[in-house]
Amino acid sequence: MRSKVTDILIYPIKSCRGVSLPSAIVEPRGLARDRRFMLVDAGGRFISQREQPRMALIEVSETGDGYRVEAPGQDALELPLDLESARECSVRVHRDVLDAQLADAGINRWFTRFMGMDCGLVYMAAHHHRAVRHESAAFDDEVSFADGAPLLLISEASLDELNARLDKPVSMRRFRPNLVVTAESPFDEDGWSRIRVGEAQFDVAWQCSRCILTTVDPDTGVRDRSGEPLKTLRTFRRVNGPVMFGQNLIPRKLGEIRVGDEVEIFQEQRA
């Protein structure tokens, strides 16, 4: 069985709902328009569903020249594709401190009202740089506001194996991948080293460790009281402590990828 791409997703605003696309352009930081926006608190630290699960209810859809942002109880917000001309500020994403562009007061009030806390929307412009912090990365590899890697890949077979162990199946949306692919067997992607998809090529760099964010229901923005599916993942996907599900990718050749593209595997086993 040949592996192929069945879905391509971007998350224009980090930790908000994703957008499924028929095709995407692979850039050095990941897919174009993926996680270029992010919410930060009054101190400039990033906000995610880990602390604010209701972010799962913020829906972002693409329009011709920007985004339409919607959330329960709020009027729709029109957001431009970028904030290149906005004033700069300093933000923190995990261990990284970098500059970003801060949205205007009107946009920030919209998010503050919905979140119930003082927050602002920031944008990663072309001249901003954030390095990939992993031993698998080259010195000039860069990443968006994503947690650690430019892209995340998960196979449908791996999700099927997890769901076979759960009392209540979960959707792929819990895991927020960029590429969803088919595979002959669950976790085949664990052994991949380098792949080609469409015009692009990627290092399958390291496994993705999972956290409490996976317990947030993407439809309700409510955390699962029993801790699923993370609780079940801990029973069979622990690797030296962390729970692993999905593979982090680093682009090595840029270009367009499409749903339906074959995933060409160059190396089956990592060195």
# chains A, B, ... in the order shown; residues from 1 in each chain; ligands from 1
$ select_by_dssp --residues "region 7-210 of chain A" --states "strand (DSSP E)" --output "tab-separated table (two decimals) with C-alpha atoms, in the first residue's frame"
chain	number	residue	atom	x	y	z
A	7	ASP	CA	-5.65	16.19	4.39
A	8	ILE	CA	-3.58	19.37	4.64
A	9	LEU	CA	-4.24	21.76	7.51
A	10	ILE	CA	-2.99	25.12	8.66
A	19	VAL	CA	-8.31	25.28	8.13
A	20	SER	CA	-8.35	22.29	5.78
A	21	LEU	CA	-6.86	23.04	2.35
A	23	SER	CA	-3.11	22.38	-1.45
A	24	ALA	CA	-0.44	24.43	0.28
A	25	ILE	CA	2.98	25.96	-0.31
A	26	VAL	CA	5.83	24.65	1.82
A	27	GLU	CA	8.07	27.43	3.11
A	30	GLY	CA	6.36	25.31	7.46
A	31	LEU	CA	3.19	25.66	5.42
A	37	PHE	CA	-0.56	34.74	14.30
A	38	MET	CA	-0.60	34.07	18.04
A	39	LEU	CA	-2.36	35.32	21.17
A	40	VAL	CA	-0.20	36.63	24.01
A	41	ASP	CA	-1.01	37.76	27.54
A	59	GLU	CA	-12.84	29.63	14.17
A	60	VAL	CA	-10.65	31.09	11.45
A	61	SER	CA	-11.63	30.96	7.78
A	62	GLU	CA	-9.80	32.35	4.78
A	66	GLY	CA	-7.52	37.97	4.86
A	67	TYR	CA	-9.34	35.97	7.49
A	68	ARG	CA	-12.75	35.94	9.11
A	69	VAL	CA	-12.52	35.13	12.81
A	70	GLU	CA	-15.62	33.96	14.66
A	77	LEU	CA	-13.79	39.92	13.10
A	78	GLU	CA	-12.11	40.70	9.79
A	79	LEU	CA	-8.36	40.16	9.99
A	80	PRO	CA	-5.78	41.01	7.30
A	88	GLU	CA	6.80	45.64	17.13
A	89	CYS	CA	6.76	44.04	20.55
A	90	SER	CA	8.62	41.27	22.34
A	91	VAL	CA	6.92	37.89	22.82
A	92	ARG	CA	7.77	34.57	24.42
A	93	VAL	CA	7.04	31.11	22.96
A	96	ASP	CA	12.20	31.56	22.83
A	97	VAL	CA	11.97	35.34	23.04
A	98	LEU	CA	11.54	37.15	19.74
A	99	ASP	CA	10.05	40.25	18.15
A	100	ALA	CA	6.60	40.25	16.56
A	101	GLN	CA	4.06	42.75	15.21
A	102	LEU	CA	1.23	43.70	17.59
A	119	CYS	CA	-4.50	39.65	25.61
A	120	GLY	CA	-3.22	40.74	22.23
A	121	LEU	CA	-2.79	39.26	18.77
A	122	VAL	CA	0.73	39.24	17.34
A	123	TYR	CA	2.10	38.38	13.90
A	151	LEU	CA	5.19	20.71	10.34
A	152	LEU	CA	3.51	17.74	12.01
A	153	LEU	CA	2.52	14.52	10.21
A	154	ILE	CA	0.19	11.77	11.49
A	155	SER	CA	-1.12	8.71	9.68
A	179	LEU	CA	-0.31	16.54	7.03
A	180	VAL	CA	-2.61	13.54	7.40
A	181	VAL	CA	-1.50	10.51	5.40
A	194	ARG	CA	13.02	11.38	4.66
A	195	ILE	CA	9.97	11.79	2.46
A	196	ARG	CA	8.88	13.60	-0.67
A	197	VAL	CA	5.37	15.00	-1.09
A	200	ALA	CA	8.53	19.31	-1.40
A	201	GLN	CA	10.89	17.12	0.56
A	202	PHE	CA	11.13	16.73	4.33
A	203	ASP	CA	13.29	15.25	7.03
A	204	VAL	CA	11.13	13.20	9.39
A	205	ALA	CA	13.05	14.72	12.24
A	206	TRP	CA	11.70	13.55	15.62
A	207	GLN	CA	8.59	12.19	17.29
A	208	CYS	CA	6.04	14.62	18.68
A	209	SER	CA	5.51	14.49	22.43
$ closest_atom_pairs --of "region 8-54 of chain A" --to "region 210-222 of chain A" --cutoff "6 Å" --atoms "only C-alpha atoms" --output "CSV"
residue,atom,partner,partner_atom,distance
A:Gln49,CA,A:Leu213,CA,5.9
A:Arg50,CA,A:Leu213,CA,5.0
A:Pro53,CA,A:Gly221,CA,5.2
A:Arg54,CA,A:Gly221,CA,4.4
$ residues_around --residues "Ala138 (chain A)" --least-positions-apart "6" --cutoff "12 Å" --atoms "only C-alpha atoms" --output "list in words"
Pro28, Ala131, Val132, Asp203, Ala205, Ile250, Pro251 and Arg252 of chain A
$ atom_distance --atom1 "CA of Gln52 (chain A)" --atom2 "CA of Ala103 (chain A)"
20.2 Å
$ closest_residue --among "A:Cys16, A:Gly43, A:Arg35, A:Leu249" --to "Met115 (chain A)" --atoms "only C-alpha atoms"
A:Cys16
$ residues_around --residues "Arg29 (chain A)" --least-positions-apart "2" --cutoff "6 Å" --atoms "only C-alpha atoms" --output "ChimeraX atom specification"
/A:27,142-144,150
$ select_by_dssp --residues "region 7-179 of chain A" --states "helix (DSSP H, G or I)" --output "PyMOL selection string"
chain A and resi 53-57+105-115+156-165+172-175
$ write_last_selection --atoms "N, CA and C atoms" --output "mmCIF file, in the first residue's frame"
data_model
loop_
_atom_site.group_PDB
_atom_site.id
_atom_site.type_symbol
_atom_site.label_atom_id
_atom_site.label_comp_id
_atom_site.auth_asym_id
_atom_site.auth_seq_id
_atom_site.Cartn_x
_atom_site.Cartn_y
_atom_site.Cartn_z
ATOM 1 N N PRO A 53 -8.615 26.324 27.245
ATOM 2 C CA PRO A 53 -9.194 25.387 26.281
ATOM 3 C C PRO A 53 -10.273 25.979 25.395
ATOM 4 N N ARG A 54 -10.916 27.073 25.810
ATOM 5 C CA ARG A 54 -11.973 27.646 24.980
ATOM 6 C C ARG A 54 -11.423 28.280 23.704
ATOM 7 N N MET A 55 -10.107 28.378 23.565
ATOM 8 C CA MET A 55 -9.535 28.824 22.299
ATOM 9 C C MET A 55 -9.926 27.897 21.151
ATOM 10 N N ALA A 56 -10.287 26.646 21.482
ATOM 11 C CA ALA A 56 -10.724 25.699 20.463
ATOM 12 C C ALA A 56 -11.977 26.167 19.744
ATOM 13 N N LEU A 57 -12.702 27.119 20.345
ATOM 14 C CA LEU A 57 -13.944 27.613 19.757
ATOM 15 C C LEU A 57 -13.730 28.788 18.815
ATOM 16 N N ALA A 105 -5.611 48.128 18.667
ATOM 17 C CA ALA A 105 -6.410 48.007 19.882
ATOM 18 C C ALA A 105 -7.772 47.365 19.624
ATOM 19 N N GLY A 106 -8.390 47.652 18.468
ATOM 20 C CA GLY A 106 -9.684 47.085 18.161
ATOM 21 C C GLY A 106 -9.653 45.576 18.044
ATOM 22 N N ILE A 107 -8.659 45.064 17.362
ATOM 23 C CA ILE A 107 -8.497 43.608 17.228
ATOM 24 C C ILE A 107 -8.228 42.989 18.595
ATOM 25 N N ASN A 108 -7.367 43.612 19.365
ATOM 26 C CA ASN A 108 -7.016 43.063 20.677
ATOM 27 C C ASN A 108 -8.202 43.066 21.640
ATOM 28 N N ARG A 109 -9.069 44.068 21.530
ATOM 29 C CA ARG A 109 -10.269 44.094 22.372
ATOM 30 C C ARG A 109 -11.189 42.915 22.046
ATOM 31 N N TRP A 110 -11.277 42.564 20.775
ATOM 32 C CA TRP A 110 -12.127 41.438 20.362
ATOM 33 C C TRP A 110 -11.682 40.164 21.071
ATOM 34 N N PHE A 111 -10.398 39.892 21.051
ATOM 35 C CA PHE A 111 -9.884 38.682 21.697
ATOM 36 C C PHE A 111 -9.970 38.792 23.219
ATOM 37 N N THR A 112 -9.730 39.963 23.768
ATOM 38 C CA THR A 112 -9.818 40.151 25.211
ATOM 39 C C THR A 112 -11.233 39.864 25.715
ATOM 40 N N ARG A 113 -12.231 40.332 24.973
ATOM 41 C CA ARG A 113 -13.617 40.083 25.374
ATOM 42 C C ARG A 113 -13.927 38.591 25.395
ATOM 43 N N PHE A 114 -13.530 37.902 24.337
ATOM 44 C CA PHE A 114 -13.866 36.482 24.276
ATOM 45 C C PHE A 114 -13.080 35.664 25.296
ATOM 46 N N MET A 115 -11.812 35.964 25.455
ATOM 47 C CA MET A 115 -10.954 35.193 26.346
ATOM 48 C C MET A 115 -11.209 35.518 27.816
ATOM 49 N N GLU A 156 -3.419 8.109 9.316
ATOM 50 C CA GLU A 156 -4.756 7.668 9.700
ATOM 51 C C GLU A 156 -4.704 6.327 10.421
ATOM 52 N N ALA A 157 -3.770 5.465 10.011
ATOM 53 C CA ALA A 157 -3.652 4.153 10.644
ATOM 54 C C ALA A 157 -3.286 4.272 12.119
ATOM 55 N N SER A 158 -2.467 5.247 12.452
ATOM 56 C CA SER A 158 -2.084 5.452 13.850
ATOM 57 C C SER A 158 -3.283 5.909 14.677
ATOM 58 N N LEU A 159 -4.080 6.824 14.120
ATOM 59 C CA LEU A 159 -5.284 7.256 14.825
ATOM 60 C C LEU A 159 -6.264 6.102 14.978
ATOM 61 N N ASP A 160 -6.397 5.273 13.942
ATOM 62 C CA ASP A 160 -7.294 4.112 14.019
ATOM 63 C C ASP A 160 -6.876 3.168 15.147
ATOM 64 N N GLU A 161 -5.574 2.972 15.296
ATOM 65 C CA GLU A 161 -5.079 2.091 16.364
ATOM 66 C C GLU A 161 -5.406 2.680 17.736
ATOM 67 N N LEU A 162 -5.226 3.982 17.888
ATOM 68 C CA LEU A 162 -5.586 4.619 19.151
ATOM 69 C C LEU A 162 -7.083 4.485 19.415
ATOM 70 N N ASN A 163 -7.897 4.780 18.427
ATOM 71 C CA ASN A 163 -9.343 4.734 18.617
ATOM 72 C C ASN A 163 -9.853 3.336 18.934
ATOM 73 N N ALA A 164 -9.153 2.307 18.445
ATOM 74 C CA ALA A 164 -9.543 0.935 18.764
ATOM 75 C C ALA A 164 -9.354 0.625 20.247
ATOM 76 N N ARG A 165 -8.550 1.434 20.924
ATOM 77 C CA ARG A 165 -8.289 1.241 22.351
ATOM 78 C C ARG A 165 -9.131 2.155 23.247
ATOM 79 N N MET A 172 -9.029 13.305 14.363
ATOM 80 C CA MET A 172 -7.658 13.746 14.130
ATOM 81 C C MET A 172 -7.453 15.186 14.591
ATOM 82 N N ARG A 173 -8.543 15.952 14.706
ATOM 83 C CA ARG A 173 -8.429 17.350 15.111
ATOM 84 C C ARG A 173 -7.821 17.502 16.497
ATOM 85 N N ARG A 174 -7.922 16.485 17.333
ATOM 86 C CA ARG A 174 -7.315 16.560 18.678
ATOM 87 C C ARG A 174 -5.809 16.790 18.606
ATOM 88 N N PHE A 175 -5.191 16.341 17.518
ATOM 89 C CA PHE A 175 -3.727 16.279 17.462
ATOM 90 C C PHE A 175 -3.116 17.347 16.564
#
$ closest_residue --among "A:Ile265, A:Val259, A:Leu233, A:Ile47" --to "Gly191 (chain A)" --atoms "only C-alpha atoms"
A:Ile265
$ residues_around --residues "Phe236 (chain A)" --least-positions-apart "4" --cutoff "12 Å" --atoms "only C-alpha atoms" --output "ChimeraX atom specification"
/A:158,161-162,165,187,229-232,240-245
$ closest_residue --among "A:Leu254, A:Ala32, A:Leu83, A:Ala146" --to "Ala125 (chain A)" --atoms "only C-alpha atoms"
A:Leu83
$ atom_distance --atom1 "CA of Thr182 (chain A)" --atom2 "CA of Asp141 (chain A)"
27.2 Å
$ closest_residue --among "A:Asp104, A:Glu228, A:Asp65, A:Glu199" --to "Lys253 (chain A)" --atoms "only C-alpha atoms"
A:Glu199
$ atom_distance --atom1 "CA of Asp190 (chain A)" --atom2 "CA of Asp147 (chain A)"
19.6 Å
$ residues_around --residues "Met1 (chain A)" --least-positions-apart "6" --cutoff "10 Å" --atoms "only C-alpha atoms" --output "number ranges by chain"
A: 182-185
